[in-house]
Amino acid sequence: MGKGHNILMIDLRLPSYDITEGPKLYDIYAAYKFCSYLSERLIERHLIRKSLVLARNEKERAEIGRAIKAKGENMQSEASEENSIGASDGTDVNDFRRKLMSSWDSISEEYGDRSTGDEVNMDVSGGTLFSVKNINFKSHRLWSMVADEEFSSGPDMFEQVIAAADKHARLVADGQSTEPEDAIILLSPYDIVDVVAVRRILARYGQTRTIVIVNSRMENIPRELDSAVLVYGIMPLIARSRNFDSSIDEDGNEAGPKVVVIKRFPQKWGVFLDVNDEGFVDVTGNAPSGAEGSKTFPPIKWIVGRVQEHIQKLSR
């Protein structure tokens, strides 16, 4: 990608896209659809040819597969024109916007700070490409980092995960009816197995291929991601004072000024505020210290300060 940035990160702080929110809120199919849409847009911009979307494991890949099948999505071979790039009707974008508007978290104004790569040659020719072990769209192929491999809890676990990642997380270099895969999209890496698998994938492909990590929740960012760039981040919030008595508006949503914290590379972090449902205004001001190049969101204390300052100006 441009300016030598080939390891990218995206962080969507919406409950339905966040694996740490648990199964009642986390919608793995919605998170996957974002990856699918992302792959289509990257191809449309001629940045990649085809991506490999990697779920954490076979259980999650299979869950996505069942959702795809239940929704009757059309998975066809490269030769099909029915699944052409750019044919999106905007459904994915509209769904994302709906989830954004329904995902406002609350913040209090007293809140303080808290290798060159080995590819596999594989022929995936045929008609409709759907099976238990193969989900292949024109824009991407869905697989998992470690499939259904089992790992010990002892010191052998690291070598076992590395072997599993070497076996399963591999790009398809060519085939009779598919574009070569030249990008990897990793969906919601989270636990220690994911960390080891991600490090192995980065060691294999990090210097030669585009890698996008969507919604990483790894507790400690591995050193292989030192050069990664957070290219998009978004977090919706509700602002309220210390003594604010939470209320519900006529649409059933929590009342209060709405805040969106957003980053769109190469722009800096921005804070946008909608006080009375009259539209968002930019209240960013000066960026917080150390925010440039950071892979995490700005401190809540700084966000609260930007909101407070603007509301105080309105009350004068």
# chains A, B, ... in the order shown; residues from 1 in each chain; ligands from 1
>>> residues_around(residues="A:Val307", least_positions_apart="5", cutoff="9 Å", atoms="only C-alpha atoms", output="PyMOL selection string")
chain A and resi 109+239+259+271-273+283-284+302+312
>>> residues_around(residues="stretch 44-60 of chain A", least_positions_apart="5", cutoff="9 Å", atoms="only C-alpha atoms", output="PyMOL selection string")
chain A and resi 1+28+32+35-36+39+65+85-86+138-149+169-172+178-190+193-194+197+210
>>> write_last_selection(atoms="N, CA and C atoms", output="short mmCIF file (atom, residue, chain, number, x, y, z; two decimals), in the first residue's frame")
data_model
loop_
_atom_site.label_atom_id
_atom_site.label_comp_id
_atom_site.auth_asym_id
_atom_site.auth_seq_id
_atom_site.Cartn_x
_atom_site.Cartn_y
_atom_site.Cartn_z
N MET A 1 0.84 -1.18 0.00
CA MET A 1 0.00 0.00 0.00
C MET A 1 0.88 1.24 0.00
N ILE A 28 -20.84 -12.04 14.98
CA ILE A 28 -19.68 -12.42 14.18
C ILE A 28 -19.98 -12.32 12.69
N TYR A 32 -17.83 -10.18 10.06
CA TYR A 32 -17.34 -10.79 8.81
C TYR A 32 -17.79 -9.99 7.60
N CYS A 35 -15.57 -7.25 6.86
CA CYS A 35 -14.35 -7.71 6.19
C CYS A 35 -14.60 -7.96 4.71
N SER A 36 -15.75 -8.53 4.41
CA SER A 36 -16.12 -8.78 3.02
C SER A 36 -16.24 -7.47 2.24
N SER A 39 -12.81 -5.95 1.66
CA SER A 39 -12.10 -6.60 0.58
C SER A 39 -12.58 -6.09 -0.78
N GLY A 65 -20.15 -19.44 8.22
CA GLY A 65 -20.62 -20.22 7.09
C GLY A 65 -22.10 -20.56 7.19
N ILE A 85 -17.40 -7.01 -8.71
CA ILE A 85 -16.99 -5.98 -7.78
C ILE A 85 -17.75 -4.70 -8.06
N GLY A 86 -18.14 -4.03 -6.99
CA GLY A 86 -18.84 -2.76 -7.14
C GLY A 86 -20.34 -2.93 -7.33
N LYS A 138 -15.77 -14.02 -5.01
CA LYS A 138 -14.85 -13.44 -5.96
C LYS A 138 -13.85 -12.52 -5.27
N SER A 139 -14.29 -11.80 -4.25
CA SER A 139 -13.42 -10.83 -3.58
C SER A 139 -12.56 -11.44 -2.49
N HIS A 140 -12.97 -12.59 -1.95
CA HIS A 140 -12.23 -13.15 -0.83
C HIS A 140 -12.58 -14.62 -0.62
N ARG A 141 -11.70 -15.26 0.12
CA ARG A 141 -11.96 -16.63 0.59
C ARG A 141 -11.98 -16.61 2.11
N LEU A 142 -12.95 -17.27 2.69
CA LEU A 142 -13.07 -17.33 4.15
C LEU A 142 -12.46 -18.61 4.68
N TRP A 143 -11.55 -18.49 5.62
CA TRP A 143 -10.91 -19.63 6.27
C TRP A 143 -10.64 -19.26 7.71
N SER A 144 -9.81 -20.01 8.40
CA SER A 144 -9.47 -19.66 9.79
C SER A 144 -7.97 -19.84 10.02
N MET A 145 -7.48 -19.19 11.06
CA MET A 145 -6.04 -19.19 11.31
C MET A 145 -5.52 -20.57 11.69
N VAL A 146 -6.29 -21.31 12.50
CA VAL A 146 -5.78 -22.58 13.02
C VAL A 146 -6.77 -23.73 12.83
N ALA A 147 -7.86 -23.49 12.09
CA ALA A 147 -8.88 -24.51 11.83
C ALA A 147 -9.38 -25.12 13.13
N ASP A 148 -9.51 -26.45 13.18
CA ASP A 148 -10.03 -27.09 14.38
C ASP A 148 -8.95 -27.86 15.14
N GLU A 149 -7.72 -27.41 14.96
CA GLU A 149 -6.61 -28.05 15.66
C GLU A 149 -6.76 -27.89 17.18
N ALA A 169 -3.22 -21.02 7.56
CA ALA A 169 -3.27 -19.59 7.22
C ALA A 169 -2.32 -19.31 6.05
N ARG A 170 -2.65 -19.84 4.89
CA ARG A 170 -1.76 -19.74 3.73
C ARG A 170 -2.52 -19.20 2.53
N LEU A 171 -1.89 -18.27 1.84
CA LEU A 171 -2.49 -17.68 0.65
C LEU A 171 -2.51 -18.66 -0.51
N VAL A 172 -3.53 -18.59 -1.31
CA VAL A 172 -3.61 -19.36 -2.54
C VAL A 172 -2.96 -18.53 -3.64
N THR A 178 -9.49 -18.69 -10.15
CA THR A 178 -9.52 -17.72 -9.06
C THR A 178 -8.34 -16.77 -9.15
N GLU A 179 -8.57 -15.53 -8.75
CA GLU A 179 -7.48 -14.57 -8.67
C GLU A 179 -6.52 -15.00 -7.57
N PRO A 180 -5.23 -14.74 -7.74
CA PRO A 180 -4.28 -15.03 -6.66
C PRO A 180 -4.59 -14.18 -5.43
N GLU A 181 -4.50 -14.77 -4.28
CA GLU A 181 -4.72 -14.04 -3.04
C GLU A 181 -3.45 -13.29 -2.68
N ASP A 182 -3.56 -11.98 -2.46
CA ASP A 182 -2.38 -11.19 -2.13
C ASP A 182 -2.59 -10.33 -0.90
N ALA A 183 -3.64 -10.62 -0.13
CA ALA A 183 -3.91 -9.86 1.10
C ALA A 183 -4.58 -10.77 2.11
N ILE A 184 -4.35 -10.46 3.38
CA ILE A 184 -4.96 -11.22 4.48
C ILE A 184 -5.72 -10.25 5.37
N ILE A 185 -6.96 -10.61 5.71
CA ILE A 185 -7.75 -9.85 6.67
C ILE A 185 -8.00 -10.74 7.89
N LEU A 186 -7.50 -10.34 9.03
CA LEU A 186 -7.63 -11.10 10.27
C LEU A 186 -8.78 -10.54 11.09
N LEU A 187 -9.71 -11.39 11.46
CA LEU A 187 -10.92 -10.95 12.15
C LEU A 187 -10.85 -11.22 13.65
N SER A 188 -10.78 -10.18 14.44
CA SER A 188 -10.94 -10.21 15.89
C SER A 188 -9.99 -11.15 16.63
N PRO A 189 -8.68 -11.08 16.38
CA PRO A 189 -7.76 -11.87 17.21
C PRO A 189 -7.85 -11.43 18.66
N TYR A 190 -7.76 -12.40 19.58
CA TYR A 190 -8.14 -12.07 20.95
C TYR A 190 -7.25 -12.74 22.00
N VAL A 193 -3.75 -18.01 21.88
CA VAL A 193 -3.61 -18.78 20.64
C VAL A 193 -3.62 -17.84 19.44
N ASP A 194 -4.54 -16.87 19.47
CA ASP A 194 -4.61 -15.91 18.37
C ASP A 194 -3.31 -15.11 18.26
N ALA A 197 -0.68 -17.17 16.60
CA ALA A 197 -0.99 -17.36 15.18
C ALA A 197 -0.76 -16.07 14.40
N THR A 210 -0.20 -7.42 1.88
CA THR A 210 -1.06 -6.53 2.66
C THR A 210 -1.78 -7.34 3.73
#
>>> atom_distance(atom1="atom CA of A:Glu21", atom2="atom CA of A:Pro236")
15.1 Å
>>> residues_around(residues="A:Ser227", least_positions_apart="6", cutoff="12 Å", atoms="only C-alpha atoms", output="PyMOL selection string")
chain A and resi 3-9+202+206-207+211+221+293-295
